[in-house]
Amino acid sequence: MWDPKPDAPPEIRGPFGTISTNVPDIFVTDQLPLCAQMADKYTILRSHSHSDNGHSTGYHYVMTGRRPTFADGDNPIPNNQYFPSIGSAVARTLGQRGALPPYINLPHPMSAGGPGFYGAEHAPFVIEADPTQPDFEVKDLQPSGHLSNKRLSLRRQLLSGIDQLERERNQTQGKAMSTYYEKAYSLVTSDDARKAFNIHAEPESVRDAYGRTQLGQCALLARRLVEGGCRFVGVDAPGWDVHFNCFPSLKTDLIPYADRAFSALVTDLEERGLLDETLVVMMGEMGRTPRINAQAGRDHWSMAQTIIFAGGGTKPGQVIGATDKQAAAPTGSPVGVNDLLRTISVLMGIDPDRQFLGPLGRPVPIVDGGEVIRDLI
C-alpha cells in the first residue's frame, strides 16, 4: 500500500500499480487515490521493524512494548495481563477530561489493549456495536424510563453502602467494582456523553465521506469521542490476514475502505481545527511478506512495516526511512516498537520514563528503552 516497488518482479510487486501523490517524489499504490491527494497532511514511516511474527504476540508487543510470555494463538482478551497497553498508559497519566472515559475501544476490545497491572480503573470502555446500523446506540447508556432522578440518586446511595462493605471484605475486588460503578453512573447521567456517542447527529454528507463501512463509521465516531474529551481511541479493523488469494479482497473491500476512512478522518480533523492537537496513527501488528506465496496471498512479516502518522505535532508531507528493493528489510536504521511508543508518549505530553509500581513493588516505566523518532516531530 505505502511502500510500492514498481521495478520489482511480479511476485514481489503484485498486480497493483503505483501513483504519485500531491507531494513530489512520494508514491503509493494506485489503490489509495484519496490518500494520494492529501499526502501533504501525513507522514509515511517505512522502516518500522521487529521480530515477532505472531498475531496475538505481535499485538501484545506493539501495544505494550514488552515481549509476551505466552505463545501465539493464546488469545484471551485482553492478553496483556501484566504490562499495560499504551492506551491505558495515556488514560492513567492524562486522566479523564469531561464525562467521557479517557480510553475507548471500538467496535470490540483490542486484544492487547488492556490495563495490565494498572487495574480496572484504567481499562478501556468498549463500544461493542456496529455504528453502520440504523439502530446503533451505546448499550445501557439511557437510564430506565421509569426511574426519576431522585430514585436514581437513592439507588446510588444504597449501592455506595453495599460497595463499602465489599471493600472491607475484599479491597482489590471492591475497588475495581467501585470504579466500574462510578464510570457507569457518570455515563448514564451525562448529556455530553450521550451527545458524543450519537453518530446519527452527523450530516449524511459527513457520514458518506467517511464511508458507510464499519471502519469508516468507527473513524467518524472516534472523531466525535475526541471532540468530547476522550484521550485515546483504539479502532480495531479486522480482515487483513489475507494469506490466500488476497488481491481481490484488498482491491474491493480492504484498501478502499481504509483509504476513505483515513483520508476523511485527517481532513475532517483539520477542517475542525483539531488536527494539530490530535495524533492519528494507522498501523498493524506486523507487515506482510515481500514475496507472494503459492496461494496468491501474503503471509506474516514483521521485519518491515509501514506506519502512517498525522497531526499531533508530527511533521507532514514526508517519508521517513526506506526498505530494500523487495521491501524485505529497512535499508537504514530500523525503527523499533519502543522507539514508536516513546515517540507517541512524547507527542502526547507524557514522560515515557515515568514509573509506576507493579504488583511486587518494582518500578515499571511507561516505555522501556527506545529513542524518539526525531524526523517525525
# chains A, B, ... in the order shown; residues from 1 in each chain; ligands from 1
call {"tool": "closest_atom_pairs", "arguments": {"of": "stretch 65-139 of chain A", "to": "stretch 269-290 of chain A", "cutoff": "12 Å", "atoms": "only C-alpha atoms", "output": "CSV"}}
result
residue,atom,partner,partner_atom,distance
A:Gly65,CA,A:Glu285,CA,11.7
A:Met110,CA,A:Glu285,CA,11.6
A:Ser111,CA,A:Glu285,CA,11.0
A:Ala112,CA,A:Glu285,CA,10.5
call {"tool": "residues_around", "arguments": {"residues": "A:Ile255", "least_positions_apart": "3", "cutoff": "8 Å", "atoms": "only C-alpha atoms", "output": "list of chain:residue names"}}
result
A:Met1, A:Gln31, A:Leu32, A:Leu250, A:Lys251, A:Thr252, A:Ala258, A:Asp259
call {"tool": "closest_residue", "arguments": {"among": "A:Ala36, A:Val337, A:Ile366, A:Leu360", "to": "A:Arg67", "atoms": "only C-alpha atoms"}}
result
A:Val337
call {"tool": "closest_residue", "arguments": {"among": "A:Leu215, A:Leu357, A:Val346, A:Met303", "to": "A:Asp253", "atoms": "only C-alpha atoms"}}
result
A:Leu215
call {"tool": "closest_residue", "arguments": {"among": "A:Val62, A:Leu165, A:Ala219, A:Leu94", "to": "A:Asp130", "atoms": "only C-alpha atoms"}}
result
A:Ala219
call {"tool": "select_by_dssp", "arguments": {"residues": "stretch 55-261 of chain A", "states": "helix (DSSP H, G or I)", "output": "PyMOL selection string"}}
result
chain A and resi 55-64+86-94+116-118+120-122+149-169+171-188+191-197+199-201+204-210+214-227+246-261
call {"tool": "closest_residue", "arguments": {"among": "A:Glu371, A:Glu204, A:Glu168, A:Asp236", "to": "A:Ser345", "atoms": "only C-alpha atoms"}}
result
A:Glu371
call {"tool": "select_by_dssp", "arguments": {"residues": "stretch 300-342 of chain A", "states": "strand (DSSP E)", "output": "number ranges by chain"}}
result
A: 300-301, 305-310, 318-320
call {"tool": "closest_residue", "arguments": {"among": "A:Gly358, A:Pro203, A:Pro316, A:Gly228", "to": "A:Tyr118", "atoms": "only C-alpha atoms"}}
result
A:Gly358
call {"tool": "closest_residue", "arguments": {"among": "A:Phe27, A:Ile350, A:Phe197, A:Ser263", "to": "A:Gly95", "atoms": "only C-alpha atoms"}}
result
A:Ile350
call {"tool": "atom_distance", "arguments": {"atom1": "atom CA of A:Leu341", "atom2": "atom CA of A:Tyr61"}}
result
10.5 Å
call {"tool": "atom_distance", "arguments": {"atom1": "atom CA of A:Trp2", "atom2": "atom CA of A:Pro24"}}
result
15.0 Å
call {"tool": "atom_distance", "arguments": {"atom1": "atom CA of A:Gly229", "atom2": "atom CA of A:Gly313"}}
result
18.2 Å
call {"tool": "decode", "arguments": {"residues": "stretch 255-274 of chain A", "atoms": "N, CA, C and O atoms", "output": "PDB file, in the first residue's frame"}}
result
ATOM      1  N   ILE A 255      -8.595  -2.142   1.095  1.00  0.00           N
ATOM      2  CA  ILE A 255      -7.858  -0.897   0.854  1.00  0.00           C
ATOM      3  C   ILE A 255      -8.795   0.283   0.593  1.00  0.00           C
ATOM      4  O   ILE A 255      -8.589   1.371   1.159  1.00  0.00           O
ATOM      5  N   PRO A 256      -9.843   0.148  -0.236  1.00  0.00           N
ATOM      6  CA  PRO A 256     -10.733   1.302  -0.434  1.00  0.00           C
ATOM      7  C   PRO A 256     -11.373   1.806   0.849  1.00  0.00           C
ATOM      8  O   PRO A 256     -11.524   3.019   1.048  1.00  0.00           O
ATOM      9  N   TYR A 257     -11.753   0.889   1.737  1.00  0.00           N
ATOM     10  CA  TYR A 257     -12.368   1.305   2.997  1.00  0.00           C
ATOM     11  C   TYR A 257     -11.381   2.080   3.855  1.00  0.00           C
ATOM     12  O   TYR A 257     -11.729   3.108   4.469  1.00  0.00           O
ATOM     13  N   ALA A 258     -10.140   1.587   3.917  1.00  0.00           N
ATOM     14  CA  ALA A 258      -9.111   2.281   4.702  1.00  0.00           C
ATOM     15  C   ALA A 258      -8.737   3.614   4.063  1.00  0.00           C
ATOM     16  O   ALA A 258      -8.514   4.615   4.765  1.00  0.00           O
ATOM     17  N   ASP A 259      -8.662   3.642   2.752  1.00  0.00           N
ATOM     18  CA  ASP A 259      -8.342   4.870   2.015  1.00  0.00           C
ATOM     19  C   ASP A 259      -9.351   5.970   2.343  1.00  0.00           C
ATOM     20  O   ASP A 259      -8.979   7.103   2.671  1.00  0.00           O
ATOM     21  N   ARG A 260     -10.623   5.625   2.289  1.00  0.00           N
ATOM     22  CA  ARG A 260     -11.672   6.616   2.536  1.00  0.00           C
ATOM     23  C   ARG A 260     -11.714   7.016   4.011  1.00  0.00           C
ATOM     24  O   ARG A 260     -11.816   8.200   4.338  1.00  0.00           O
ATOM     25  N   ALA A 261     -11.629   6.040   4.916  1.00  0.00           N
ATOM     26  CA  ALA A 261     -11.742   6.344   6.346  1.00  0.00           C
ATOM     27  C   ALA A 261     -10.584   7.225   6.822  1.00  0.00           C
ATOM     28  O   ALA A 261     -10.799   8.226   7.523  1.00  0.00           O
ATOM     29  N   PHE A 262      -9.359   6.862   6.457  1.00  0.00           N
ATOM     30  CA  PHE A 262      -8.202   7.623   6.934  1.00  0.00           C
ATOM     31  C   PHE A 262      -8.179   9.029   6.342  1.00  0.00           C
ATOM     32  O   PHE A 262      -7.962  10.015   7.060  1.00  0.00           O
ATOM     33  N   SER A 263      -8.402   9.138   5.039  1.00  0.00           N
ATOM     34  CA  SER A 263      -8.366  10.463   4.401  1.00  0.00           C
ATOM     35  C   SER A 263      -9.462  11.364   4.948  1.00  0.00           C
ATOM     36  O   SER A 263      -9.240  12.564   5.175  1.00  0.00           O
ATOM     37  N   ALA A 264     -10.654  10.807   5.187  1.00  0.00           N
ATOM     38  CA  ALA A 264     -11.752  11.611   5.719  1.00  0.00           C
ATOM     39  C   ALA A 264     -11.468  12.055   7.148  1.00  0.00           C
ATOM     40  O   ALA A 264     -11.740  13.207   7.519  1.00  0.00           O
ATOM     41  N   LEU A 265     -10.921  11.157   7.961  1.00  0.00           N
ATOM     42  CA  LEU A 265     -10.635  11.491   9.355  1.00  0.00           C
ATOM     43  C   LEU A 265      -9.629  12.628   9.449  1.00  0.00           C
ATOM     44  O   LEU A 265      -9.836  13.611  10.178  1.00  0.00           O
ATOM     45  N   VAL A 266      -8.536  12.523   8.714  1.00  0.00           N
ATOM     46  CA  VAL A 266      -7.492  13.544   8.783  1.00  0.00           C
ATOM     47  C   VAL A 266      -8.011  14.875   8.257  1.00  0.00           C
ATOM     48  O   VAL A 266      -7.791  15.941   8.859  1.00  0.00           O
ATOM     49  N   THR A 267      -8.729  14.842   7.141  1.00  0.00           N
ATOM     50  CA  THR A 267      -9.281  16.064   6.567  1.00  0.00           C
ATOM     51  C   THR A 267     -10.301  16.704   7.502  1.00  0.00           C
ATOM     52  O   THR A 267     -10.306  17.929   7.710  1.00  0.00           O
ATOM     53  N   ASP A 268     -11.167  15.886   8.078  1.00  0.00           N
ATOM     54  CA  ASP A 268     -12.197  16.377   8.993  1.00  0.00           C
ATOM     55  C   ASP A 268     -11.574  17.018  10.228  1.00  0.00           C
ATOM     56  O   ASP A 268     -11.992  18.096  10.672  1.00  0.00           O
ATOM     57  N   LEU A 269     -10.574  16.357  10.806  1.00  0.00           N
ATOM     58  CA  LEU A 269      -9.896  16.930  11.972  1.00  0.00           C
ATOM     59  C   LEU A 269      -9.249  18.269  11.629  1.00  0.00           C
ATOM     60  O   LEU A 269      -9.319  19.225  12.424  1.00  0.00           O
ATOM     61  N   GLU A 270      -8.648  18.353  10.456  1.00  0.00           N
ATOM     62  CA  GLU A 270      -8.005  19.609  10.064  1.00  0.00           C
ATOM     63  C   GLU A 270      -9.037  20.719   9.892  1.00  0.00           C
ATOM     64  O   GLU A 270      -8.836  21.848  10.373  1.00  0.00           O
ATOM     65  N   GLU A 271     -10.132  20.407   9.225  1.00  0.00           N
ATOM     66  CA  GLU A 271     -11.160  21.426   8.988  1.00  0.00           C
ATOM     67  C   GLU A 271     -11.783  21.913  10.288  1.00  0.00           C
ATOM     68  O   GLU A 271     -12.258  23.058  10.366  1.00  0.00           O
ATOM     69  N   ARG A 272     -11.800  21.090  11.315  1.00  0.00           N
ATOM     70  CA  ARG A 272     -12.360  21.462  12.600  1.00  0.00           C
ATOM     71  C   ARG A 272     -11.329  22.072  13.540  1.00  0.00           C
ATOM     72  O   ARG A 272     -11.631  22.357  14.698  1.00  0.00           O
ATOM     73  N   GLY A 273     -10.107  22.235  13.061  1.00  0.00           N
ATOM     74  CA  GLY A 273      -9.063  22.815  13.892  1.00  0.00           C
ATOM     75  C   GLY A 273      -8.543  21.888  14.965  1.00  0.00           C
ATOM     76  O   GLY A 273      -7.959  22.340  15.956  1.00  0.00           O
ATOM     77  N   LEU A 274      -8.712  20.572  14.773  1.00  0.00           N
ATOM     78  CA  LEU A 274      -8.329  19.597  15.794  1.00  0.00           C
ATOM     79  C   LEU A 274      -7.081  18.793  15.435  1.00  0.00           C
ATOM     80  O   LEU A 274      -6.568  18.055  16.280  1.00  0.00           O
TER      81      LEU A 274
END
